[in-house]
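Heads up: the structure comes next, in structure tokens.
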Amino acid sequence: MDQRQVLAVFSALSQETRLQIVRLLVVTGPDGMAAGALAERLEVSPSNISFHLKELEHSGLVDAERQSRSIIYTANYEALGGFIRFLMEDCCSGHPEICAPAVEVAACCAPKMEEKRQ
């Protein structure tokens, strides 16, 4: 992830509803959630959730896939991991072992790609 992408991620996450969406999608896992279910869960209007999901898609933090009449949104774990790696890559004045636990957590939480496709 480069600096331009990181700035887009920070911009996307600097809004409360979008941060809640990303956190909810991370918890939901590879099955994702339909836009309507997200709106209901976060108690926002469908038009409001659509606006925020568009911004999150643009930043690369969420992916969308049409399934029948619904669009299912999932967290983009690769982008989230890239964001964390960007923040931590120059960690601790040449002592990356200090930051290793945070990077390992970011890597281990992403569902396997095979699981996501099933």
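By convention in this document, the chains of the structure tokens carry letters A, B, ... by their order, each chain's residues are numbered from 1, and ligands are numbered from 1 in the order they are shown.
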Ser50 (chain A): which residues within 12 Å, counting only C-alpha atoms, same-chain residues fewer than 2 positions away excluded, as an MDAnalysis selection string?
chainID A and resid 17:18 21 34:39 44:48 52:57 64 71:73
Check the DSSP output for the backbone and give back, as an MDAnalysis selection string, the residues of region 20-110 of chain A in strand (DSSP E or B).
chainID A and resid 33:34 62:67 70:75
Val9 (chain A): which residues within 9 Å, counting only C-alpha atoms, same-chain residues fewer than 2 positions away excluded, as a list in words?
Arg4, Gln5, Val6, Leu7, Ser11, Ala12, Leu13, Ser14, Leu56, Ser59, Gly60, Leu61, Leu80 and Phe83 of chain A
To one decimal place in Å, what is the distance between CA of Ala79 (chain A) and CA of Asp2 (chain A)?
11.1 Å
Please extract the residues of chain A with a backbone DSSP assignment of alpha helix (DSSP H) and present them as a compact mmCIF listing (two decimals) with C-alpha atoms, in the first residue's frame.
# COMPACT_ATOMS: atom_id res chain seq x y z
CA GLN A 3 0.90 6.77 0.84
CA ARG A 4 -1.95 7.85 -1.46
CA GLN A 5 -3.89 4.68 -0.65
CA VAL A 6 -3.24 5.09 3.07
CA LEU A 7 -4.60 8.63 2.95
CA ALA A 8 -7.77 7.34 1.26
CA VAL A 9 -8.13 4.74 4.04
CA PHE A 10 -7.66 7.35 6.77
CA SER A 11 -10.22 9.57 5.05
CA ALA A 12 -12.73 6.72 4.83
CA LEU A 13 -12.25 5.64 8.44
CA GLU A 16 -18.10 7.23 12.50
CA THR A 17 -20.58 5.24 10.40
CA ARG A 18 -17.89 4.04 8.00
CA LEU A 19 -15.69 2.93 10.89
CA GLN A 20 -18.66 1.02 12.33
CA ILE A 21 -19.30 -0.62 8.96
CA VAL A 22 -15.71 -1.83 8.63
CA ARG A 23 -15.65 -3.16 12.18
CA LEU A 24 -18.97 -4.96 11.66
CA LEU A 25 -17.80 -6.50 8.38
CA VAL A 26 -14.56 -7.69 10.00
CA VAL A 27 -16.62 -9.43 12.69
CA THR A 28 -19.03 -10.85 10.11
CA ALA A 35 -26.42 -3.45 2.44
CA GLY A 36 -29.94 -3.58 3.88
CA ALA A 37 -28.83 -5.70 6.82
CA LEU A 38 -25.94 -3.30 7.48
CA ALA A 39 -28.33 -0.34 7.44
CA GLU A 40 -30.70 -2.09 9.83
CA ARG A 41 -27.93 -3.18 12.18
CA LEU A 42 -26.38 0.30 12.32
CA PRO A 46 -30.57 2.72 3.10
CA SER A 47 -29.44 5.81 1.18
CA ASN A 48 -27.04 6.72 3.98
CA ILE A 49 -25.51 3.24 4.08
CA SER A 50 -25.14 3.23 0.29
CA PHE A 51 -23.21 6.49 0.41
CA HIS A 52 -20.85 5.16 3.07
CA LEU A 53 -20.35 1.79 1.37
CA LYS A 54 -19.43 3.59 -1.86
CA GLU A 55 -16.77 5.56 0.01
CA LEU A 56 -15.42 2.40 1.64
CA GLU A 57 -15.31 0.60 -1.71
CA HIS A 58 -13.45 3.53 -3.22
CA SER A 59 -10.85 3.33 -0.43
CA TYR A 77 -8.65 -8.17 4.71
CA GLU A 78 -5.73 -7.78 2.32
CA ALA A 79 -6.25 -3.99 2.23
CA LEU A 80 -6.69 -3.80 6.00
CA GLY A 81 -3.49 -5.79 6.48
CA GLY A 82 -1.66 -3.59 3.98
CA PHE A 83 -2.81 -0.51 5.88
CA ILE A 84 -1.47 -1.89 9.16
CA ARG A 85 1.79 -2.99 7.54
CA PHE A 86 2.26 0.50 6.06
CA LEU A 87 1.84 2.05 9.49
CA MET A 88 4.21 -0.41 11.13
CA ALA A 100 5.73 -7.92 15.37
CA PRO A 101 2.76 -8.85 17.60
CA ALA A 102 0.56 -6.18 15.98
CA VAL A 103 1.55 -7.26 12.49
CA GLU A 104 0.96 -10.94 13.34
CA VAL A 105 -2.53 -10.15 14.67
CA ALA A 106 -3.36 -8.34 11.44
CA ALA A 107 -2.16 -11.28 9.37
CA CYS A 108 -3.84 -14.03 11.37
CA MET A 113 -9.20 -16.93 0.49
CA GLU A 114 -10.59 -20.44 -0.06
CA GLU A 115 -13.01 -19.94 2.84
CA LYS A 116 -14.18 -16.63 1.39
CA ARG A 117 -14.98 -18.18 -1.98
